[in-house]
file protein-v5.csv (CSV, C-alpha atoms)
chain,number,residue,atom,x,y,z
F,1,MET,CA,-25.8,12.9,-26.5
F,2,LYS,CA,-26.7,16.4,-27.5
F,3,ALA,CA,-27.7,15.2,-31.0
F,4,ALA,CA,-29.8,12.5,-29.5
F,5,ARG,CA,-31.8,15.0,-27.5
F,6,ARG,CA,-32.4,17.0,-30.6
F,7,GLU,CA,-34.0,14.1,-32.5
F,8,GLU,CA,-37.7,14.5,-33.1
F,9,GLY,CA,-39.8,12.0,-31.2
F,10,ILE,CA,-37.0,11.1,-28.8
F,11,ARG,CA,-38.1,12.0,-25.2
F,12,LYS,CA,-35.2,10.5,-23.2
F,13,VAL,CA,-31.9,8.8,-23.8
F,14,LEU,CA,-30.5,7.2,-20.7
F,15,VAL,CA,-27.1,5.7,-19.9
F,16,ALA,CA,-27.5,2.8,-17.5
F,17,SER,CA,-23.9,1.5,-17.4
F,18,GLY,CA,-20.6,1.2,-19.3
F,19,VAL,CA,-19.1,4.6,-18.4
F,20,ARG,CA,-15.3,4.7,-18.2
F,21,MET,CA,-15.0,6.8,-15.0
F,22,ASP,CA,-11.4,7.6,-15.5
F,23,LEU,CA,-12.0,9.0,-19.0
F,24,ALA,CA,-15.3,10.7,-18.1
F,25,GLN,CA,-13.5,12.9,-15.5
F,26,ARG,CA,-11.2,14.3,-18.2
F,27,SER,CA,-14.2,16.1,-19.7
F,28,PRO,CA,-16.2,18.3,-17.4
F,29,ALA,CA,-18.6,19.0,-20.3
F,30,TYR,CA,-19.3,15.3,-20.7
F,31,MET,CA,-19.8,14.8,-17.0
F,32,SER,CA,-22.3,17.7,-16.9
F,33,GLN,CA,-24.2,16.4,-19.9
F,34,LEU,CA,-24.3,12.9,-18.5
F,35,VAL,CA,-25.5,13.8,-15.0
F,36,ARG,CA,-28.0,16.5,-16.0
F,37,HIS,CA,-29.7,14.8,-18.9
F,38,HIS,CA,-28.9,11.1,-19.2
F,39,VAL,CA,-29.1,9.3,-15.8
F,40,GLY,CA,-32.4,7.7,-14.9
F,41,GLY,CA,-31.9,7.8,-11.2
F,42,HIS,CA,-29.2,5.2,-11.0
F,43,LEU,CA,-25.9,4.8,-12.8
F,44,LYS,CA,-24.1,1.4,-12.7
F,45,VAL,CA,-20.3,1.8,-12.5
F,46,ALA,CA,-17.5,-0.8,-12.1
F,47,PRO,CA,-14.7,0.1,-9.7
F,48,GLU,CA,-14.6,-3.8,-9.2
F,49,HIS,CA,-12.1,-3.7,-6.3
F,50,ALA,CA,-10.4,-1.5,-3.8
F,51,ASP,CA,-7.1,-3.4,-3.3
F,52,PRO,CA,-4.3,-1.6,-5.3
F,53,ASP,CA,-2.5,-4.9,-6.3
F,54,VAL,CA,-5.7,-6.5,-7.6
F,55,LEU,CA,-6.7,-3.3,-9.5
F,56,ARG,CA,-3.2,-3.3,-11.1
F,57,LEU,CA,-3.8,-6.9,-12.3
F,58,MET,CA,-7.2,-5.8,-13.7
F,59,LYS,CA,-5.5,-2.9,-15.5
F,60,LYS,CA,-7.8,-0.5,-13.7
F,61,PRO,CA,-7.1,2.8,-12.0
F,62,GLY,CA,-7.0,3.0,-8.2
F,63,ILE,CA,-10.0,3.3,-6.0
F,64,ASP,CA,-9.3,7.0,-5.5
F,65,ASP,CA,-10.4,7.5,-9.1
F,66,PHE,CA,-13.8,6.0,-8.3
F,67,GLU,CA,-14.2,8.2,-5.2
F,68,ALA,CA,-13.3,11.3,-7.3
F,69,PHE,CA,-16.0,10.3,-9.8
F,70,ALA,CA,-18.5,9.7,-7.1
F,71,ARG,CA,-17.9,13.2,-5.6
F,72,SER,CA,-18.3,14.8,-9.0
F,73,PHE,CA,-21.4,12.9,-9.7
F,74,ALA,CA,-22.9,13.9,-6.3
F,75,ARG,CA,-22.0,17.5,-6.8
F,76,LEU,CA,-23.4,17.8,-10.3
F,77,SER,CA,-26.6,15.9,-9.3
F,78,ALA,CA,-27.1,18.4,-6.5
F,79,GLU,CA,-26.5,21.3,-8.8
F,80,ALA,CA,-29.1,19.9,-11.2
F,81,GLY,CA,-31.6,19.5,-8.4
F,82,LYS,CA,-31.8,15.7,-8.9
F,83,ARG,CA,-31.6,12.7,-6.5
F,84,GLN,CA,-29.4,10.3,-8.3
F,85,PHE,CA,-27.2,7.4,-7.1
F,86,LEU,CA,-24.3,5.4,-8.2
F,87,VAL,CA,-24.6,1.6,-8.1
F,88,PRO,CA,-21.0,0.3,-7.9
F,89,TYR,CA,-20.1,-3.2,-9.1
F,90,PHE,CA,-17.6,-5.3,-7.2
F,91,ILE,CA,-16.2,-8.8,-7.9
F,92,ALA,CA,-14.9,-11.6,-5.6
F,93,GLY,CA,-12.4,-14.3,-6.5
F,94,HIS,CA,-10.5,-12.4,-9.2
F,95,PRO,CA,-7.0,-13.7,-9.8
F,96,GLY,CA,-4.7,-11.9,-7.3
F,97,SER,CA,-7.4,-11.4,-4.8
F,98,ASP,CA,-6.9,-13.3,-1.5
F,99,LEU,CA,-8.6,-12.9,1.8
F,100,ASP,CA,-6.4,-9.9,2.8
F,101,ALA,CA,-7.4,-8.1,-0.4
F,102,MET,CA,-11.1,-8.8,0.1
F,103,ILE,CA,-10.9,-7.6,3.7
F,104,HIS,CA,-9.4,-4.4,2.3
F,105,LEU,CA,-12.4,-4.1,0.0
F,106,ALA,CA,-14.8,-4.8,2.8
F,107,GLN,CA,-13.2,-2.0,4.9
F,108,PHE,CA,-13.6,0.3,2.0
F,109,LEU,CA,-17.3,-0.6,1.7
F,110,LYS,CA,-17.7,-0.1,5.5
F,111,ARG,CA,-16.0,3.3,5.4
F,112,THR,CA,-18.0,4.6,2.4
F,113,GLY,CA,-21.3,3.1,3.3
F,114,TYR,CA,-21.8,1.1,0.1
F,115,ARG,CA,-23.8,-2.1,0.6
F,116,PRO,CA,-23.8,-4.1,-2.7
F,117,GLU,CA,-26.9,-6.2,-3.0
F,118,GLN,CA,-25.6,-8.0,-6.1
F,119,VAL,CA,-22.1,-9.3,-6.2
F,120,GLN,CA,-20.3,-11.3,-8.9
F,121,ASP,CA,-17.9,-14.3,-8.6
F,122,PHE,CA,-15.1,-14.3,-11.1
F,123,ILE,CA,-15.8,-16.6,-14.0
F,124,PRO,CA,-13.0,-17.2,-16.5
F,125,GLY,CA,-13.9,-16.3,-20.1
F,126,PRO,CA,-12.1,-16.6,-23.4
F,127,PHE,CA,-9.5,-14.1,-24.7
F,128,ASP,CA,-9.1,-12.5,-21.2
F,129,ILE,CA,-5.9,-11.8,-19.4
F,130,ALA,CA,-7.6,-12.7,-16.1
F,131,THR,CA,-8.4,-16.1,-17.5
F,132,ALA,CA,-4.7,-16.7,-18.3
F,133,MET,CA,-3.9,-15.8,-14.7
F,134,TYR,CA,-6.6,-18.1,-13.4
F,135,TYR,CA,-5.4,-21.2,-15.3
F,136,THR,CA,-1.6,-20.6,-15.0
F,137,GLY,CA,-1.4,-18.8,-11.6
F,138,LEU,CA,1.0,-16.3,-13.2
F,139,ASP,CA,0.7,-12.7,-14.3
F,140,PRO,CA,1.5,-13.0,-18.0
F,141,MET,CA,2.9,-9.5,-18.1
F,142,THR,CA,5.6,-10.1,-15.4
F,143,GLY,CA,5.7,-13.9,-15.0
F,144,LYS,CA,5.2,-13.5,-11.3
F,145,PRO,CA,2.8,-15.8,-9.4
F,146,VAL,CA,-0.6,-14.5,-8.4
F,147,HIS,CA,-3.0,-15.9,-5.8
F,148,VAL,CA,-6.0,-17.8,-7.3
F,149,ALA,CA,-9.0,-18.7,-5.2
F,150,ARG,CA,-9.7,-22.2,-6.5
F,151,THR,CA,-11.6,-23.9,-3.7
F,152,ALA,CA,-15.3,-23.5,-3.2
F,153,THR,CA,-14.7,-22.6,0.4
F,154,GLU,CA,-12.4,-19.7,-0.3
F,155,ARG,CA,-14.6,-18.4,-3.0
F,156,ARG,CA,-17.5,-18.5,-0.6
F,157,LEU,CA,-15.6,-16.6,2.1
F,158,GLN,CA,-14.5,-13.9,-0.4
F,159,ARG,CA,-18.1,-13.5,-1.6
F,160,ALA,CA,-19.3,-13.2,2.0
F,161,LEU,CA,-16.8,-10.4,2.7
F,162,LEU,CA,-18.4,-8.3,0.0
F,163,GLN,CA,-21.7,-8.6,1.9
F,164,PHE,CA,-20.3,-8.6,5.4
F,165,TYR,CA,-23.3,-6.7,6.7
F,166,LYS,CA,-25.8,-9.5,6.1
F,167,PRO,CA,-26.6,-11.6,9.1
F,168,GLU,CA,-26.6,-14.8,7.1
F,169,ASN,CA,-22.9,-14.2,6.2
F,170,TYR,CA,-21.7,-13.8,9.8
F,171,ALA,CA,-20.1,-17.2,10.2
F,172,ASP,CA,-18.3,-17.0,6.9
F,173,VAL,CA,-17.0,-13.5,7.5
F,174,ARG,CA,-15.8,-14.4,10.9
F,175,ARG,CA,-14.0,-17.5,9.6
F,176,ALA,CA,-12.4,-15.3,6.9
F,177,LEU,CA,-11.2,-12.8,9.5
F,178,GLU,CA,-9.8,-15.5,11.7
F,179,GLN,CA,-8.0,-17.2,8.9
F,180,ALA,CA,-6.4,-13.8,7.9
F,181,GLY,CA,-5.5,-12.9,11.5
F,182,ARG,CA,-7.8,-9.9,11.5
F,183,THR,CA,-9.9,-10.6,14.6
F,184,ASP,CA,-9.3,-6.9,15.4
F,185,LEU,CA,-12.2,-6.3,13.0
F,186,VAL,CA,-14.6,-8.3,15.2
F,187,GLY,CA,-16.4,-6.4,17.9
F,188,GLY,CA,-18.2,-3.1,18.5
F,189,GLY,CA,-15.6,-0.6,17.3
F,190,PRO,CA,-16.3,1.8,14.4
F,191,GLU,CA,-13.8,-0.1,12.2
F,192,CYS,CA,-15.2,-3.5,12.9
F,193,LEU,CA,-16.9,-5.4,10.2
F,194,ILE,CA,-19.0,-7.7,12.4
F,195,PRO,CA,-20.0,-7.8,16.1
F,196,SER,CA,-18.7,-10.2,18.6
F,197,ARG,CA,-21.9,-12.2,18.8
F,198,ALA,CA,-23.7,-13.6,15.8
F,199,PRO,CA,-26.9,-11.7,14.9
F,200,LYS,CA,-30.2,-13.4,14.7
F,201,VAL,CA,-31.1,-14.5,11.1
F,202,PRO,CA,-34.8,-13.9,10.2
F,203,GLY,CA,-36.5,-17.2,9.6
F,204,ALA,CA,-33.7,-19.3,11.1
F,205,ARG,CA,-34.7,-22.5,13.0
F,206,GLY,CA,-35.9,-21.7,16.5
F,207,THR,CA,-37.5,-18.4,15.7
F,208,ALA,CA,-40.9,-19.8,14.7
F,209,GLY,CA,-43.8,-19.7,17.1
F,210,GLY,CA,-45.0,-22.6,19.1
F,211,TYR,CA,-46.0,-23.7,22.6
F,212,ARG,CA,-44.1,-21.8,25.3
F,213,PRO,CA,-45.0,-22.8,28.8
F,214,HIS,CA,-44.8,-19.4,30.4
F,215,ARG,CA,-46.7,-17.5,27.7
F,216,LYS,CA,-50.2,-16.3,28.8
F,217,THR,CA,-51.5,-17.4,25.4
F,218,ALA,CA,-49.7,-20.8,25.6
F,219,ARG,CA,-51.8,-23.8,24.5
F,220,ARG,CA,-50.7,-27.2,25.4
F,221,ARG,CA,-50.6,-29.8,22.7
F,222,PRO,CA,-53.0,-32.7,23.1
F,223,ARG,CA,-51.3,-35.7,24.7
F,224,GLN,CA,-50.8,-38.6,22.3
F,225,GLN,CA,-52.7,-41.7,23.2
call {"tool": "encode", "arguments": {"input": "protein-v5.csv", "output": "structure tokens"}}
result
Amino acid sequence: MKAARREEGIRKVLVASGVRMDLAQRSPAYMSQLVRHHVGGHLKVAPEHADPDVLRLMKKPGIDDFEAFARSFARLSAEAGKRQFLVPYFIAGHPGSDLDAMIHLAQFLKRTGYRPEQVQDFIPGPFDIATAMYYTGLDPMTGKPVHVARTATERRLQRALLQFYKPENYADVRRALEQAGRTDLVGGGPECLIPSRAPKVPGARGTAGGYRPHRKTARRRPRQQ
């Protein structure tokens, strides 16, 4: 990165994604160089999940590792006098992830205030351990069974939990919480994911204007002959 900054005619070299957060934290010098000179306002990172069992199957470090990286990133950005943000990437439907695991992830998002606008459904690809788990239902390293979300309904519920804060996901999130026996997360408490009553969805049927008999500006429709 230092060499790139010394190249004549090169004004800026930005890192948008692909940082191994666990390795980056082993080098304070690397973290300082990255945050001070090579982030263009947003840095995409991939904690992917918060449930420890799912992260183990992904061969990824625990969510504490991501939180430590986020703290270092925020501190170094402040020291550099820059407003910079992490854009974390999470996935739904990964082998090993059931509704309980996704609720764990949703609780993490609620606690930390992250609201992912773009989420990814797991798609099996070639030469991937996760693909082997998806098709066999087994962890190839241990031979033990793993949960696989195969139905369109469960995949939709898992995806909705990632964006539990969106009004249009209310029904699916509530259904997921009821199926998992976690109705304690429905209500007005600080730990709750959704309120007791469904919020209004902008643009939903019934919200459009029209004749209302008690409005001062109401206009009656002409009677059909």
call {"tool": "closest_atom_pairs", "arguments": {"input": "protein-v5.csv", "of": "segment 29-135 of chain F", "to": "segment 163-180 of chain F", "cutoff": "7 Å", "atoms": "all atoms listed in the file", "output": "Markdown table"}}
result
| residue | atom | partner | partner_atom | distance |
| --- | --- | --- | --- | --- |
| F:Leu99 | CA | F:Ala180 | CA | 6.5 |
| F:Asp100 | CA | F:Ala180 | CA | 6.4 |
| F:Arg115 | CA | F:Gln163 | CA | 7.0 |
| F:Pro116 | CA | F:Gln163 | CA | 6.8 |
call {"tool": "write_last_selection", "arguments": {"input": "protein-v5.csv", "atoms": "C-alpha atoms", "output": "CSV table (one decimal), keeping the file's coordinate frame"}}
result
chain,number,residue,atom,x,y,z
F,99,LEU,CA,-8.6,-12.9,1.8
F,100,ASP,CA,-6.4,-9.9,2.8
F,115,ARG,CA,-23.8,-2.1,0.6
F,116,PRO,CA,-23.8,-4.1,-2.7
call {"tool": "closest_residue", "arguments": {"input": "protein-v5.csv", "among": "F:Ala149, F:Glu191, F:Gly181, F:Phe69", "to": "Ser27 of chain F", "atoms": "all atoms listed in the file"}}
result
F:Phe69
call {"tool": "residues_around", "arguments": {"input": "protein-v5.csv", "residues": "Met31 of chain F", "least_positions_apart": "3", "cutoff": "10 Å", "atoms": "all atoms listed in the file", "output": "PDB file with C-alpha atoms, keeping the file's coordinate frame"}}
result
ATOM      1  CA  MET F  21     -15.000   6.800 -15.000  1.00  0.00           C
ATOM      2  CA  LEU F  23     -12.000   9.000 -19.000  1.00  0.00           C
ATOM      3  CA  ALA F  24     -15.300  10.700 -18.100  1.00  0.00           C
ATOM      4  CA  GLN F  25     -13.500  12.900 -15.500  1.00  0.00           C
ATOM      5  CA  ARG F  26     -11.200  14.300 -18.200  1.00  0.00           C
ATOM      6  CA  SER F  27     -14.200  16.100 -19.700  1.00  0.00           C
ATOM      7  CA  PRO F  28     -16.200  18.300 -17.400  1.00  0.00           C
ATOM      8  CA  LEU F  34     -24.300  12.900 -18.500  1.00  0.00           C
ATOM      9  CA  VAL F  35     -25.500  13.800 -15.000  1.00  0.00           C
ATOM     10  CA  ARG F  36     -28.000  16.500 -16.000  1.00  0.00           C
ATOM     11  CA  PHE F  69     -16.000  10.300  -9.800  1.00  0.00           C
ATOM     12  CA  SER F  72     -18.300  14.800  -9.000  1.00  0.00           C
ATOM     13  CA  PHE F  73     -21.400  12.900  -9.700  1.00  0.00           C
ATOM     14  CA  LEU F  76     -23.400  17.800 -10.300  1.00  0.00           C
TER      15      LEU F  76
END
call {"tool": "atom_distance", "arguments": {"input": "protein-v5.csv", "atom1": "atom CA of Pro61 of chain F", "atom2": "atom CA of Pro95 of chain F"}}
result
16.6 Å
call {"tool": "atom_distance", "arguments": {"input": "protein-v5.csv", "atom1": "atom CA of Arg155 of chain F", "atom2": "atom CA of Ile123 of chain F"}}
result
11.2 Å
call {"tool": "closest_residue", "arguments": {"input": "protein-v5.csv", "among": "F:Ser32, F:Thr112, F:Gln120, F:Ser97", "to": "His147 of chain F", "atoms": "only C-alpha atoms"}}
result
F:Ser97
call {"tool": "residues_around", "arguments": {"input": "protein-v5.csv", "residues": "segment 41-48 of chain F", "least_positions_apart": "4", "cutoff": "12 Å", "atoms": "all atoms listed in the file", "output": "PyMOL selection string"}}
result
chain F and resi 14-22+24+34-37+52+54-70+73-74+77+82-94+97+102+105+108-109+116+118-122+162
call {"tool": "closest_residue", "arguments": {"input": "protein-v5.csv", "among": "F:Ile129, F:Arg111, F:Ile103, F:Arg159", "to": "Thr183 of chain F", "atoms": "all atoms listed in the file"}}
result
F:Ile103
call {"tool": "atom_distance", "arguments": {"input": "protein-v5.csv", "atom1": "atom CA of Arg75 of chain F", "atom2": "atom CA of Arg11 of chain F"}}
result
25.1 Å
call {"tool": "closest_residue", "arguments": {"input": "protein-v5.csv", "among": "F:Ala106, F:Ala198, F:Ala130, F:Leu193", "to": "Asp51 of chain F", "atoms": "only C-alpha atoms"}}
result
F:Ala106
call {"tool": "closest_residue", "arguments": {"input": "protein-v5.csv", "among": "F:Thr151, F:Thr142, F:Ser196, F:Gln107", "to": "His49 of chain F", "atoms": "only C-alpha atoms"}}
result
F:Gln107
call {"tool": "closest_residue", "arguments": {"input": "protein-v5.csv", "among": "F:Pro202, F:His38, F:Pro140, F:Ala29", "to": "Val13 of chain F", "atoms": "all atoms listed in the file"}}
result
F:His38
call {"tool": "build_atoms", "arguments": {"input": "protein-v5.csv", "residues": "segment 160-176 of chain F", "atoms": "N, CA and C atoms", "output": "CSV table (one decimal), in the coordinates of the input"}}
result
chain,number,residue,atom,x,y,z
F,160,ALA,N,-18.6,-13.7,0.8
F,160,ALA,CA,-19.3,-13.2,2.0
F,160,ALA,C,-18.7,-11.9,2.5
F,161,LEU,N,-17.4,-11.7,2.3
F,161,LEU,CA,-16.8,-10.4,2.7
F,161,LEU,C,-17.4,-9.2,2.0
F,162,LEU,N,-17.8,-9.4,0.7
F,162,LEU,CA,-18.4,-8.3,0.0
F,162,LEU,C,-19.7,-7.9,0.6
F,163,GLN,N,-20.4,-8.8,1.3
F,163,GLN,CA,-21.7,-8.6,1.9
F,163,GLN,C,-21.6,-8.9,3.4
F,164,PHE,N,-20.5,-8.3,4.0
F,164,PHE,CA,-20.3,-8.6,5.4
F,164,PHE,C,-21.4,-8.2,6.4
F,165,TYR,N,-22.2,-7.3,5.9
F,165,TYR,CA,-23.3,-6.7,6.7
F,165,TYR,C,-24.5,-7.6,6.8
F,166,LYS,N,-24.6,-8.7,6.0
F,166,LYS,CA,-25.8,-9.5,6.1
F,166,LYS,C,-25.6,-10.6,7.2
F,167,PRO,N,-26.7,-10.7,8.0
F,167,PRO,CA,-26.6,-11.6,9.1
F,167,PRO,C,-26.3,-13.1,8.7
F,168,GLU,N,-26.8,-13.5,7.6
F,168,GLU,CA,-26.6,-14.8,7.1
F,168,GLU,C,-25.1,-15.1,6.7
F,169,ASN,N,-24.3,-14.1,6.5
F,169,ASN,CA,-22.9,-14.2,6.2
F,169,ASN,C,-22.0,-14.2,7.4
F,170,TYR,N,-22.6,-14.0,8.6
F,170,TYR,CA,-21.7,-13.8,9.8
F,170,TYR,C,-20.7,-14.9,10.0
F,171,ALA,N,-21.1,-16.1,9.9
F,171,ALA,CA,-20.1,-17.2,10.2
F,171,ALA,C,-19.0,-17.2,9.2
F,172,ASP,N,-19.3,-17.0,7.9
F,172,ASP,CA,-18.3,-17.0,6.9
F,172,ASP,C,-17.3,-15.8,7.0
F,173,VAL,N,-17.9,-14.7,7.3
F,173,VAL,CA,-17.0,-13.5,7.5
F,173,VAL,C,-16.1,-13.7,8.7
F,174,ARG,N,-16.7,-14.2,9.8
F,174,ARG,CA,-15.8,-14.4,10.9
F,174,ARG,C,-14.7,-15.4,10.7
F,175,ARG,N,-15.0,-16.5,9.9
F,175,ARG,CA,-14.0,-17.5,9.6
F,175,ARG,C,-13.0,-16.8,8.7
F,176,ALA,N,-13.4,-16.0,7.8
F,176,ALA,CA,-12.4,-15.3,6.9
F,176,ALA,C,-11.5,-14.4,7.7
